[in-house]
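Shown here: model07.csv, CSV, C-alpha atoms and all ligand atoms.
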```csv
chain,number,residue,atom,x,y,z
A,1,MET,CA,-24.9,-1.8,-3.5
A,2,SER,CA,-21.5,-0.7,-4.8
A,3,ARG,CA,-18.6,-3.0,-4.3
A,4,LEU,CA,-16.1,-0.3,-3.3
A,5,ALA,CA,-16.0,2.4,-0.6
A,6,LEU,CA,-13.7,5.3,-1.3
A,7,VAL,CA,-12.4,7.3,1.7
A,8,ARG,CA,-11.1,10.6,0.6
A,9,ASP,CA,-11.2,14.2,1.8
A,10,PRO,CA,-9.8,17.5,0.6
A,11,ARG,CA,-8.3,18.0,4.1
A,12,PHE,CA,-5.6,15.5,3.1
A,13,GLN,CA,-4.1,18.2,1.0
A,14,LYS,CA,-3.4,20.3,4.1
A,15,HIS,CA,-0.2,18.3,5.0
A,16,GLN,CA,2.4,20.6,3.5
A,17,THR,CA,5.9,19.7,2.2
A,18,PRO,CA,8.5,22.0,0.7
A,19,ASP,CA,8.4,23.1,-3.0
A,20,ALA,CA,9.7,20.4,-5.3
A,21,HIS,CA,9.2,17.7,-2.7
A,22,PRO,CA,7.8,14.6,-4.5
A,23,GLU,CA,5.1,14.0,-1.9
A,24,THR,CA,2.8,16.9,-2.7
A,25,PRO,CA,-0.9,17.7,-2.2
A,26,HIS,CA,-1.3,17.6,-6.1
A,27,ARG,CA,-1.1,13.8,-5.9
A,28,LEU,CA,-4.6,13.7,-4.5
A,29,VAL,CA,-5.9,16.4,-6.7
A,30,ALA,CA,-4.8,14.3,-9.7
A,31,ILE,CA,-6.5,11.2,-8.4
A,32,ASP,CA,-9.7,13.2,-7.9
A,33,ASN,CA,-9.5,14.4,-11.5
A,34,VAL,CA,-9.1,10.9,-12.9
A,35,ILE,CA,-12.0,9.6,-10.7
A,36,SER,CA,-14.1,12.3,-12.3
A,37,ARG,CA,-12.9,11.5,-15.8
A,38,PHE,CA,-14.3,8.0,-15.4
A,39,SER,CA,-17.4,9.2,-13.5
A,40,LEU,CA,-16.4,6.7,-11.0
A,41,GLU,CA,-17.8,8.7,-8.1
A,42,HIS,CA,-21.3,7.8,-9.2
A,43,GLY,CA,-20.8,4.0,-8.8
A,44,LEU,CA,-19.0,3.8,-5.5
A,45,THR,CA,-19.7,4.6,-1.9
A,46,GLU,CA,-17.9,7.7,-0.7
A,47,LEU,CA,-17.2,7.9,3.0
A,48,PRO,CA,-15.7,10.8,5.0
A,49,PRO,CA,-12.8,10.0,7.3
A,50,ARG,CA,-12.8,10.6,11.0
A,51,ALA,CA,-9.7,11.5,13.1
A,52,ALA,CA,-8.1,8.5,14.8
A,53,GLU,CA,-8.0,8.6,18.6
A,54,THR,CA,-4.6,8.7,20.2
A,55,GLU,CA,-5.2,5.3,21.9
A,56,GLN,CA,-5.8,3.8,18.5
A,57,ILE,CA,-2.6,5.1,17.1
A,58,ALA,CA,-0.8,4.0,20.3
A,59,ALA,CA,-1.5,0.4,19.2
A,60,VAL,CA,1.4,0.9,16.9
A,61,HIS,CA,3.3,4.1,17.9
A,62,LYS,CA,4.8,5.1,21.2
A,63,PRO,CA,2.7,7.7,23.1
A,64,SER,CA,5.8,9.8,23.5
A,65,TYR,CA,6.3,9.9,19.7
A,66,ILE,CA,2.6,10.9,19.2
A,67,GLU,CA,2.9,13.6,21.8
A,68,LYS,CA,6.2,14.9,20.2
A,69,LEU,CA,4.5,15.4,16.8
A,70,HIS,CA,1.5,17.1,18.6
A,71,GLU,CA,3.9,19.5,20.3
A,72,ASN,CA,5.7,20.2,17.0
A,73,ALA,CA,2.3,21.1,15.4
A,74,LEU,CA,1.4,23.5,18.3
A,75,LYS,CA,4.7,25.3,17.8
A,76,LEU,CA,4.1,25.9,14.1
A,77,SER,CA,2.0,28.4,12.3
A,78,GLY,CA,1.3,29.6,8.8
A,79,GLU,CA,3.5,28.0,6.1
A,80,LYS,CA,6.4,27.2,8.4
A,81,LEU,CA,7.7,23.6,8.2
A,82,ILE,CA,9.8,21.4,10.5
A,83,LYS,CA,12.3,19.0,8.9
A,84,LEU,CA,11.9,15.7,10.9
A,85,ASP,CA,14.5,13.8,9.0
A,86,GLY,CA,16.3,13.9,5.6
A,87,ASP,CA,13.1,14.0,3.6
A,88,THR,CA,10.2,14.0,6.0
A,89,PHE,CA,8.5,17.3,6.9
A,90,MET,CA,5.6,18.6,8.9
A,91,GLY,CA,3.6,21.8,9.0
A,92,ALA,CA,1.0,23.3,11.3
A,93,GLU,CA,-1.7,21.1,9.8
A,94,SER,CA,0.3,17.9,9.4
A,95,PHE,CA,-0.5,16.4,12.8
A,96,ASP,CA,-4.3,16.7,12.4
A,97,THR,CA,-4.0,15.5,8.8
A,98,ALA,CA,-2.1,12.5,9.9
A,99,LEU,CA,-4.7,11.7,12.6
A,100,LEU,CA,-7.3,11.9,9.8
A,101,ALA,CA,-5.3,9.7,7.5
A,102,CYS,CA,-5.1,7.0,10.2
A,103,GLY,CA,-8.8,7.4,10.9
A,104,ALA,CA,-9.6,7.0,7.2
A,105,GLY,CA,-8.4,3.4,7.5
A,106,LEU,CA,-10.6,2.8,10.5
A,107,VAL,CA,-13.6,4.1,8.6
A,108,ALA,CA,-12.7,1.7,5.8
A,109,ILE,CA,-12.5,-1.2,8.2
A,110,ASP,CA,-15.9,-0.3,9.7
A,111,ALA,CA,-17.4,-0.2,6.1
A,112,VAL,CA,-16.2,-3.7,5.1
A,113,LYS,CA,-17.0,-5.1,8.5
A,114,GLY,CA,-20.6,-3.7,8.3
A,115,GLY,CA,-21.0,-5.5,5.0
A,116,GLU,CA,-21.9,-2.3,3.1
A,117,VAL,CA,-19.1,-2.9,0.6
A,118,GLN,CA,-16.7,-5.7,-0.3
A,119,SER,CA,-13.6,-3.5,-0.4
A,120,ALA,CA,-12.3,0.0,0.3
A,121,PHE,CA,-9.7,2.3,-1.1
A,122,VAL,CA,-8.2,4.8,1.3
A,123,ALA,CA,-6.8,7.8,-0.7
A,124,VAL,CA,-4.8,9.6,2.0
A,125,ARG,CA,-1.6,11.5,2.7
A,126,PRO,CA,0.8,11.6,4.4
A,127,PRO,CA,1.6,8.0,3.5
A,128,GLY,CA,2.4,5.6,6.3
A,129,HIS,CA,4.4,2.4,5.6
A,130,HIS,CA,7.8,3.7,6.6
A,131,ALA,CA,6.7,5.3,9.9
A,132,LEU,CA,8.3,3.5,12.9
A,133,ALA,CA,7.0,3.0,16.4
A,134,ASP,CA,8.9,6.0,17.6
A,135,LYS,CA,9.9,8.0,14.6
A,136,PRO,CA,8.8,9.4,11.3
A,137,MET,CA,10.5,8.2,8.1
A,138,GLY,CA,10.3,8.5,4.3
A,139,PHE,CA,7.5,11.1,4.1
A,140,CYS,CA,5.5,9.1,6.7
A,141,LEU,CA,4.3,10.2,10.1
A,142,PHE,CA,1.9,7.5,11.3
A,143,ASN,CA,1.7,4.0,9.9
A,144,ASN,CA,-1.9,4.1,8.5
A,145,VAL,CA,-2.1,0.5,7.4
A,146,ALA,CA,-0.6,-0.8,10.6
A,147,VAL,CA,-2.9,1.2,12.8
A,148,ALA,CA,-5.9,0.0,10.8
A,149,ALA,CA,-4.7,-3.6,11.0
A,150,ARG,CA,-4.6,-3.4,14.8
A,151,TYR,CA,-8.0,-1.7,14.8
A,152,ALA,CA,-9.4,-4.5,12.5
A,153,GLN,CA,-8.3,-7.0,15.1
A,154,THR,CA,-10.5,-5.2,17.7
A,155,ARG,CA,-13.4,-5.5,15.3
A,156,GLY,CA,-13.2,-9.3,14.9
A,157,TYR,CA,-10.7,-9.7,12.1
A,158,ARG,CA,-8.3,-12.1,13.9
A,159,LYS,CA,-5.8,-12.7,11.1
A,160,VAL,CA,-4.7,-10.0,8.7
A,161,PHE,CA,-2.6,-10.4,5.5
A,162,ILE,CA,-0.9,-7.2,4.4
A,163,ILE,CA,0.5,-6.9,0.8
A,164,ASP,CA,2.9,-4.0,0.2
A,165,TRP,CA,3.6,-3.3,-3.5
A,166,ASP,CA,5.2,0.1,-3.1
A,167,VAL,CA,8.6,0.2,-4.8
A,168,HIS,CA,10.2,0.8,-1.3
A,169,HIS,CA,10.3,-1.7,1.5
A,170,GLY,CA,7.5,-1.3,4.0
A,171,ASN,CA,9.9,-1.3,6.9
A,172,GLY,CA,7.6,0.4,9.4
A,173,THR,CA,4.9,-2.2,8.8
A,174,GLN,CA,7.4,-5.1,8.9
A,175,TRP,CA,8.8,-4.0,12.4
A,176,ALA,CA,5.2,-3.4,13.7
A,177,PHE,CA,4.3,-7.0,13.3
A,178,TYR,CA,7.7,-8.8,13.2
A,179,ASP,CA,7.0,-11.1,16.1
A,180,ASP,CA,3.3,-11.4,15.6
A,181,PRO,CA,1.9,-14.4,13.7
A,182,SER,CA,-1.6,-12.9,13.6
A,183,VAL,CA,-0.5,-10.4,11.0
A,184,PHE,CA,1.3,-11.7,7.9
A,185,PHE,CA,3.3,-9.0,6.1
A,186,THR,CA,4.6,-9.4,2.5
A,187,SER,CA,6.4,-6.7,0.7
A,188,PHE,CA,7.6,-6.4,-3.0
A,189,GLN,CA,10.5,-4.0,-3.3
A,190,GLN,CA,13.2,-2.9,-5.7
A,191,TYR,CA,16.4,-4.2,-4.1
A,192,PRO,CA,18.9,-2.9,-3.3
A,193,PHE,CA,17.1,0.4,-2.8
A,194,TRP,CA,16.1,2.8,-0.1
A,195,PRO,CA,15.6,2.1,2.8
A,196,TYR,CA,19.0,0.3,2.5
A,197,ASP,CA,18.9,-1.4,5.9
A,198,SER,CA,15.9,-3.7,5.4
A,199,GLY,CA,14.0,-5.6,2.8
A,200,TRP,CA,16.0,-8.8,2.3
A,201,PHE,CA,14.1,-12.1,2.5
A,202,THR,CA,16.0,-13.5,5.4
A,203,GLU,CA,14.2,-10.9,7.6
A,204,ASP,CA,11.4,-13.4,8.0
A,205,GLY,CA,10.0,-12.7,11.4
A,206,LEU,CA,10.9,-13.3,15.1
A,207,GLY,CA,9.7,-15.8,17.7
A,208,GLU,CA,6.2,-16.9,17.0
A,209,GLY,CA,6.2,-14.5,14.0
A,210,ARG,CA,8.9,-16.5,12.2
A,211,GLY,CA,7.8,-17.2,8.6
A,212,HIS,CA,5.1,-14.5,8.8
A,213,ASN,CA,7.2,-11.7,7.2
A,214,MET,CA,7.9,-12.4,3.6
A,215,ASN,CA,10.1,-9.9,1.7
A,216,ILE,CA,10.2,-10.2,-2.0
A,217,PRO,CA,13.3,-8.1,-3.0
A,218,LEU,CA,13.3,-7.8,-6.8
A,219,PRO,CA,16.0,-6.6,-9.1
A,220,ARG,CA,15.8,-3.1,-10.7
A,221,GLY,CA,13.6,-3.1,-13.8
A,222,THR,CA,11.6,-6.3,-12.9
A,223,GLY,CA,8.4,-5.2,-14.7
A,224,ASP,CA,4.9,-6.5,-14.9
A,225,ARG,CA,5.7,-10.1,-15.7
A,226,GLY,CA,8.0,-10.5,-12.7
A,227,TYR,CA,5.7,-8.8,-10.2
A,228,LEU,CA,2.7,-11.0,-11.4
A,229,ARG,CA,4.9,-14.1,-11.3
A,230,ALA,CA,6.0,-13.2,-7.7
A,231,PHE,CA,2.4,-12.7,-6.8
A,232,ASP,CA,1.4,-16.1,-8.2
A,233,ARG,CA,4.3,-18.1,-7.0
A,234,LEU,CA,4.6,-16.6,-3.5
A,235,VAL,CA,1.9,-14.3,-2.3
A,236,LYS,CA,-1.1,-16.2,-3.5
A,237,PRO,CA,-0.2,-19.7,-2.1
A,238,VAL,CA,1.0,-18.3,1.2
A,239,CYS,CA,-2.0,-16.1,1.6
A,240,GLN,CA,-4.3,-19.0,0.9
A,241,ALA,CA,-2.5,-21.2,3.4
A,242,PHE,CA,-2.5,-18.4,6.0
A,243,ALA,CA,-6.2,-18.0,5.5
A,244,PRO,CA,-6.7,-14.4,6.7
A,245,ASP,CA,-10.0,-12.8,7.7
A,246,LEU,CA,-8.9,-9.6,5.9
A,247,ILE,CA,-6.5,-8.5,3.2
A,248,MET,CA,-4.9,-5.1,3.3
A,249,VAL,CA,-2.7,-3.5,0.6
A,250,SER,CA,-0.1,-0.8,1.0
A,251,ALA,CA,-0.5,0.4,-2.6
A,252,GLY,CA,2.4,2.5,-3.7
A,253,TYR,CA,2.5,3.4,-7.3
A,254,ASP,CA,6.1,4.4,-7.4
A,255,ALA,CA,7.1,1.1,-9.1
A,256,HIS,CA,5.4,2.5,-12.3
A,257,GLN,CA,7.6,2.9,-15.4
A,258,ASP,CA,7.1,6.7,-15.4
A,259,ASP,CA,7.8,7.2,-11.7
A,260,PRO,CA,10.8,9.5,-10.9
A,261,LEU,CA,11.9,7.6,-7.8
A,262,GLY,CA,11.5,3.9,-8.7
A,263,GLN,CA,12.9,1.9,-11.6
A,264,GLN,CA,10.6,-1.1,-11.5
A,265,ARG,CA,8.8,-0.5,-14.8
A,266,ILE,CA,5.3,-1.5,-13.8
A,267,SER,CA,2.7,-0.4,-16.4
A,268,THR,CA,-0.7,1.0,-15.5
A,269,ALA,CA,-2.1,-2.3,-17.0
A,270,GLY,CA,0.3,-4.1,-14.7
A,271,TYR,CA,-1.2,-2.3,-11.7
A,272,ALA,CA,-4.7,-3.2,-12.9
A,273,MET,CA,-3.6,-6.9,-13.1
A,274,LEU,CA,-1.9,-6.8,-9.7
A,275,SER,CA,-5.2,-5.3,-8.3
A,276,GLN,CA,-7.1,-8.1,-10.0
A,277,ARG,CA,-4.9,-10.7,-8.2
A,278,VAL,CA,-5.8,-9.1,-4.9
A,279,VAL,CA,-9.6,-9.1,-5.8
A,280,ASP,CA,-9.3,-12.8,-6.9
A,281,LEU,CA,-7.6,-13.7,-3.6
A,282,GLY,CA,-10.2,-11.9,-1.6
A,283,ARG,CA,-13.0,-13.6,-3.5
A,284,ALA,CA,-11.4,-17.1,-3.2
A,285,LEU,CA,-11.0,-16.7,0.5
A,286,GLY,CA,-14.3,-14.8,1.0
A,287,VAL,CA,-12.6,-11.9,2.8
A,288,PRO,CA,-12.7,-8.1,2.2
A,289,CYS,CA,-9.8,-6.1,0.8
A,290,VAL,CA,-8.8,-2.6,2.1
A,291,VAL,CA,-6.3,-0.7,0.0
A,292,PHE,CA,-4.2,2.2,1.3
A,293,LEU,CA,-2.4,4.7,-0.9
A,294,GLU,CA,1.3,4.9,-0.1
A,295,GLY,CA,3.9,6.3,-2.6
A,296,GLY,CA,3.7,7.3,-6.3
A,297,TYR,CA,5.4,10.5,-7.5
A,298,ASN,CA,4.5,11.0,-11.1
A,299,VAL,CA,1.1,12.5,-10.6
A,300,LYS,CA,-0.1,11.2,-14.0
A,301,SER,CA,0.9,7.6,-13.6
A,302,LEU,CA,0.0,7.6,-9.9
A,303,SER,CA,-3.5,8.9,-10.5
A,304,GLU,CA,-4.2,6.6,-13.5
A,305,SER,CA,-2.8,3.6,-11.7
A,306,ALA,CA,-4.6,4.3,-8.4
A,307,VAL,CA,-7.9,4.7,-10.3
A,308,ALA,CA,-7.1,1.5,-12.2
A,309,THR,CA,-7.1,-0.3,-8.8
A,310,MET,CA,-10.4,1.4,-7.9
A,311,ARG,CA,-12.0,0.4,-11.2
A,312,VAL,CA,-11.0,-3.2,-10.7
A,313,LEU,CA,-12.2,-3.3,-7.1
A,314,ASN,CA,-15.5,-1.7,-8.1
A,315,ALA,CA,-16.3,-3.8,-11.2
A,316,ARG,CA,-19.6,-5.7,-10.7
A,317,ASN,CA,-19.1,-8.6,-13.1
A,318,ASP,CA,-16.6,-10.2,-15.5
A,319,SER,CA,-17.8,-8.1,-18.4
A,320,GLU,CA,-17.1,-4.9,-16.6
A,321,LEU,CA,-13.7,-6.3,-15.5
A,322,GLY,CA,-12.9,-7.2,-19.1
A,323,GLU,CA,-13.6,-3.6,-20.2
A,324,VAL,CA,-11.4,-2.2,-17.4
A,325,HIS,CA,-8.4,-4.4,-18.3
A,326,ALA,CA,-8.9,-3.8,-22.0
A,327,SER,CA,-8.9,-0.1,-21.5
A,328,TYR,CA,-5.3,-0.3,-20.1
A,329,LEU,CA,-4.0,-2.9,-22.4
A,330,MET,CA,-5.1,-1.9,-25.9
A,331,PRO,CA,-3.5,1.4,-26.7
A,332,PHE,CA,-0.2,0.8,-24.9
A,333,ALA,CA,0.4,-2.9,-25.4
A,334,ALA,CA,3.7,-2.4,-27.2
A,335,ALA,CA,4.9,0.2,-24.7
A,336,SER,CA,4.2,-1.9,-21.6
A,337,SER,CA,5.6,-5.2,-22.8
A,338,ASN,CA,8.5,-4.8,-20.4
A,339,HIS,CA,11.2,-6.5,-22.5
A,340,ILE,CA,14.2,-5.5,-20.3
A,341,THR,CA,17.8,-6.5,-20.5
A,342,GLY,CA,20.6,-6.4,-18.0
A,343,ASP,CA,20.2,-7.0,-14.3
A,344,SER,CA,16.5,-7.3,-14.7
A,345,SER,CA,16.4,-10.2,-17.1
A,346,GLU,CA,13.5,-12.5,-16.6
A,347,HIS,CA,16.0,-15.2,-15.6
A,348,ARG,CA,17.3,-13.2,-12.7
A,349,VAL,CA,13.8,-12.2,-11.6
A,350,ASP,CA,12.7,-15.9,-11.7
A,351,GLU,CA,15.9,-17.0,-9.8
A,352,ARG,CA,15.1,-14.5,-7.0
A,353,ILE,CA,11.5,-15.6,-6.8
A,354,ASP,CA,12.8,-19.2,-6.5
A,355,GLU,CA,15.2,-18.2,-3.8
A,356,VAL,CA,12.5,-16.6,-1.7
A,357,ARG,CA,10.2,-19.6,-2.3
A,358,GLY,CA,13.0,-21.9,-1.2
A,359,HIS,CA,13.6,-19.9,1.9
A,360,PHE,CA,9.9,-19.9,2.9
A,361,ALA,CA,9.3,-23.5,2.0
A,362,LYS,CA,10.4,-24.5,5.6
A,363,TYR,CA,7.5,-22.4,7.0
A,364,TRP,CA,4.9,-23.0,4.3
A,365,ARG,CA,4.3,-26.5,3.0
A,366,VAL,CA,2.4,-25.1,0.1
A,367,LEU,CA,5.7,-23.7,-1.3
A,368,ARG,CA,7.5,-27.1,-1.3
A,401,ZN,ZN,7.6,4.3,-2.0
```
Kindly present the structure from the file in structure tokens form.
Amino acid sequence: MSRLALVRDPRFQKHQTPDAHPETPHRLVAIDNVISRFSLEHGLTELPPRAAETEQIAAVHKPSYIEKLHENALKLSGEKLIKLDGDTFMGAESFDTALLACGAGLVAIDAVKGGEVQSAFVAVRPPGHHALADKPMGFCLFNNVAVAARYAQTRGYRKVFIIDWDVHHGNGTQWAFYDDPSVFFTSFQQYPFWPYDSGWFTEDGLGEGRGHNMNIPLPRGTGDRGYLRAFDRLVKPVCQAFAPDLIMVSAGYDAHQDDPLGQQRISTAGYAMLSQRVVDLGRALGVPCVVFLEGGYNVKSLSESAVATMRVLNARNDSELGEVHASYLMPFAAASSNHITGDSSEHRVDERIDEVRGHFAKYWRVLR
């Protein structure tokens, strides 16, 4: 039995964006190429996606919004695109592709629920974590991870823990579960950064959901050490205390040091180590992990880092894991050491982690 299911499909390339737009179909082609380079496809379980039903998407999005996107798609033909906001576009195939992207998450949930695999990687576009209940945002049409979390709850996963390590705040996911204590959302982001109206740690939930939304706003240039420290000091203890039935990840790779949009200086080795933290948490809690592709706009660093995550999730034993991590660390150890000065000094990063820890200590005894 393989440990990892991969949900991918060439049809995810059919969502078109304008020339020079960073969210391009090439992102998925590059991931496919790196999967082949490692012959990874032989060792994992590949699953085709299915289109999500409107009712399943309506667990997160307003029916009027779903209908509006559908109407837009019916009006379009050929290469024509509609600009939905400053940087979000849709073409004739985008609505069907977005249904399929949402449905890919549901296939992944079914696979881990059925016990066929311990984890799943959902390699889709358009991405989802900025999509709001009633509008598209930041290249996203439907919130894939949020729709899958709601579906998971219908499949017996009562408590879901979502980790968002995209460089941008996962605002859509935050607002989807803001007053809901059954879904814990935590998001690492460069801060201040787009989207500028959300992502600070005092946005910590509403009503019964208070303390179940943990933003980790990190200074520009934080790097591997700071991300891993934030994971160990914040995410790990709170996740263990929350004791979820399922861990989900909004895995954006735009915090990579080579990404054109973010400046967080994560290395490929750093993404492998972050992925390892997730695997370790899942194992400690005895729960599956489902990982969703979000951002990442340097196709080389995106594809190598996404496959680093897949390799960690799919490793069968400690020896294989050791080989995976060594393959990222050895040639580039000097380049990825992340010695950064200025506003991203280790001291400032640690201070911010302590601030977040101090704020959440009133909700989570484990942080005191
Ligand atoms: Zn992003």
### Nearby polymer residues, ligand ZN 401 (chain A), at most 7 Å, only C-alpha atoms and all ligand atoms, as a PyMOL selection string
chain A and resi 166-168+252+254+294-296
### Query
So which one's closest to Ala251 (chain A), A:Val312, A:Glu323, A:His129, A:Val147? Using only C-alpha atoms, please.
A:His129
Please identify every residue of region 105-192 of chain A that has at least one atom no farther than 10 Å from an atom of region 73-95 of chain A, counting only C-alpha atoms, and for each give the shortest atom pair and the distance in Å to one decimal, arranged by chain then increasing number, as CSV.
```
residue,atom,partner,partner_atom,distance
A:Arg125,CA,A:Ser94,CA,9.5
A:Pro126,CA,A:Ser94,CA,8.1
A:Lys135,CA,A:Leu84,CA,8.8
A:Pro136,CA,A:Leu84,CA,7.0
A:Met137,CA,A:Thr88,CA,6.2
A:Gly138,CA,A:Thr88,CA,5.8
A:Phe139,CA,A:Thr88,CA,4.4
A:Cys140,CA,A:Thr88,CA,6.8
A:Leu141,CA,A:Thr88,CA,8.1
A:Phe142,CA,A:Phe95,CA,9.3
```
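Atom to atom, CA of Ala123 (chain A) and CA of Ala255 (chain A) stand 17.6 Å apart.
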### Query
Out of A:Glu53, A:Glu346, A:Asp134, A:Asp280, which residue has the shortest atom-to-atom distance to Ile247 (chain A) when counting all atoms listed in the file?
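Smallest distance to Ile247 (chain A) is found for A:Asp280.
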### Query
From the set A:Asp96, A:Asp164, A:Asp19, A:Glu355, which residue has the shortest atom-to-atom contact distance to Ala146 (chain A), counting all atoms listed in the file?
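Ranked by minimum distance to Ala146 (chain A), first place goes to A:Asp164.
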### Query
For Asp204 (chain A), which residue among A:Ala111, A:Ala269, A:Ile216, A:Ala101 is the nearest when counting all atoms listed in the file?
A:Ile216
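Among the candidates A:Ala241, A:Leu261, A:Val287, A:Ala315, the one nearest to Ser275 (chain A) when counting all atoms listed in the file is A:Ala315.
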### Task
For a cut-off of 10 Å around (8.8, -5.7, -14.1), file coordinates, pick out all residues using all atoms listed in the file and list them as a PyMOL selection string.
chain A and resi 190+218-229+255-257+263-267+270+336-340+344-346+349
Could you model N, CA and C atoms for region 232-255 of chain A and present them as an mmCIF file, in the frame of the given file?
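Written output follows (result-v2.cif):
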```cif
data_model
loop_
_atom_site.group_PDB
_atom_site.id
_atom_site.type_symbol
_atom_site.label_atom_id
_atom_site.label_comp_id
_atom_site.auth_asym_id
_atom_site.auth_seq_id
_atom_site.Cartn_x
_atom_site.Cartn_y
_atom_site.Cartn_z
ATOM 1 N N ASP A 232 1.947 -14.764 -8.024
ATOM 2 C CA ASP A 232 1.400 -16.100 -8.200
ATOM 3 C C ASP A 232 2.154 -17.201 -7.533
ATOM 4 N N ARG A 233 3.487 -17.056 -7.504
ATOM 5 C CA ARG A 233 4.300 -18.100 -7.000
ATOM 6 C C ARG A 233 4.530 -17.997 -5.454
ATOM 7 N N LEU A 234 4.350 -16.802 -4.913
ATOM 8 C CA LEU A 234 4.600 -16.600 -3.500
ATOM 9 C C LEU A 234 3.427 -16.094 -2.712
ATOM 10 N N VAL A 235 2.918 -14.942 -3.102
ATOM 11 C CA VAL A 235 1.900 -14.300 -2.300
ATOM 12 C C VAL A 235 0.590 -15.092 -2.282
ATOM 13 N N LYS A 236 0.152 -15.519 -3.456
ATOM 14 C CA LYS A 236 -1.100 -16.200 -3.500
ATOM 15 C C LYS A 236 -1.121 -17.534 -2.717
ATOM 16 N N PRO A 237 -0.146 -18.431 -2.928
ATOM 17 C CA PRO A 237 -0.200 -19.700 -2.100
ATOM 18 C C PRO A 237 -0.071 -19.447 -0.642
ATOM 19 N N VAL A 238 0.810 -18.534 -0.241
ATOM 20 C CA VAL A 238 1.000 -18.300 1.200
ATOM 21 C C VAL A 238 -0.234 -17.664 1.804
ATOM 22 N N CYS A 239 -0.832 -16.737 1.082
ATOM 23 C CA CYS A 239 -2.000 -16.100 1.600
ATOM 24 C C CYS A 239 -3.158 -17.130 1.771
ATOM 25 N N GLN A 240 -3.290 -18.005 0.789
ATOM 26 C CA GLN A 240 -4.300 -19.000 0.900
ATOM 27 C C GLN A 240 -4.076 -19.966 2.068
ATOM 28 N N ALA A 241 -2.795 -20.295 2.295
ATOM 29 C CA ALA A 241 -2.500 -21.200 3.400
ATOM 30 C C ALA A 241 -2.657 -20.465 4.752
ATOM 31 N N PHE A 242 -2.326 -19.188 4.801
ATOM 32 C CA PHE A 242 -2.500 -18.400 6.000
ATOM 33 C C PHE A 242 -3.954 -18.209 6.377
ATOM 34 N N ALA A 243 -4.785 -18.147 5.328
ATOM 35 C CA ALA A 243 -6.200 -18.000 5.500
ATOM 36 C C ALA A 243 -6.646 -16.840 6.374
ATOM 37 N N PRO A 244 -6.362 -15.610 5.888
ATOM 38 C CA PRO A 244 -6.700 -14.400 6.700
ATOM 39 C C PRO A 244 -8.197 -14.145 6.698
ATOM 40 N N ASP A 245 -8.604 -13.295 7.635
ATOM 41 C CA ASP A 245 -10.000 -12.800 7.700
ATOM 42 C C ASP A 245 -10.118 -11.497 6.894
ATOM 43 N N LEU A 246 -8.972 -10.901 6.576
ATOM 44 C CA LEU A 246 -8.900 -9.600 5.900
ATOM 45 C C LEU A 246 -7.631 -9.437 5.176
ATOM 46 N N ILE A 247 -7.728 -8.866 3.963
ATOM 47 C CA ILE A 247 -6.500 -8.500 3.200
ATOM 48 C C ILE A 247 -6.392 -7.019 3.138
ATOM 49 N N MET A 248 -5.188 -6.542 3.410
ATOM 50 C CA MET A 248 -4.900 -5.100 3.300
ATOM 51 C C MET A 248 -3.777 -4.920 2.301
ATOM 52 N N VAL A 249 -3.787 -3.801 1.611
ATOM 53 C CA VAL A 249 -2.700 -3.500 0.600
ATOM 54 C C VAL A 249 -2.128 -2.154 0.924
ATOM 55 N N SER A 250 -0.802 -2.102 1.020
ATOM 56 C CA SER A 250 -0.100 -0.800 1.000
ATOM 57 C C SER A 250 0.233 -0.580 -0.471
ATOM 58 N N ALA A 251 -0.620 0.212 -1.121
ATOM 59 C CA ALA A 251 -0.500 0.400 -2.600
ATOM 60 C C ALA A 251 0.266 1.646 -2.888
ATOM 61 N N GLY A 252 1.541 1.453 -3.128
ATOM 62 C CA GLY A 252 2.400 2.500 -3.700
ATOM 63 C C GLY A 252 2.391 2.365 -5.176
ATOM 64 N N TYR A 253 2.426 3.480 -5.882
ATOM 65 C CA TYR A 253 2.500 3.400 -7.300
ATOM 66 C C TYR A 253 3.782 3.950 -7.880
ATOM 67 N N ASP A 254 4.809 3.880 -7.027
ATOM 68 C CA ASP A 254 6.100 4.400 -7.400
ATOM 69 C C ASP A 254 6.981 3.280 -8.083
ATOM 70 N N ALA A 255 6.394 2.082 -8.295
ATOM 71 C CA ALA A 255 7.100 1.100 -9.100
ATOM 72 C C ALA A 255 6.668 1.248 -10.594
#
```
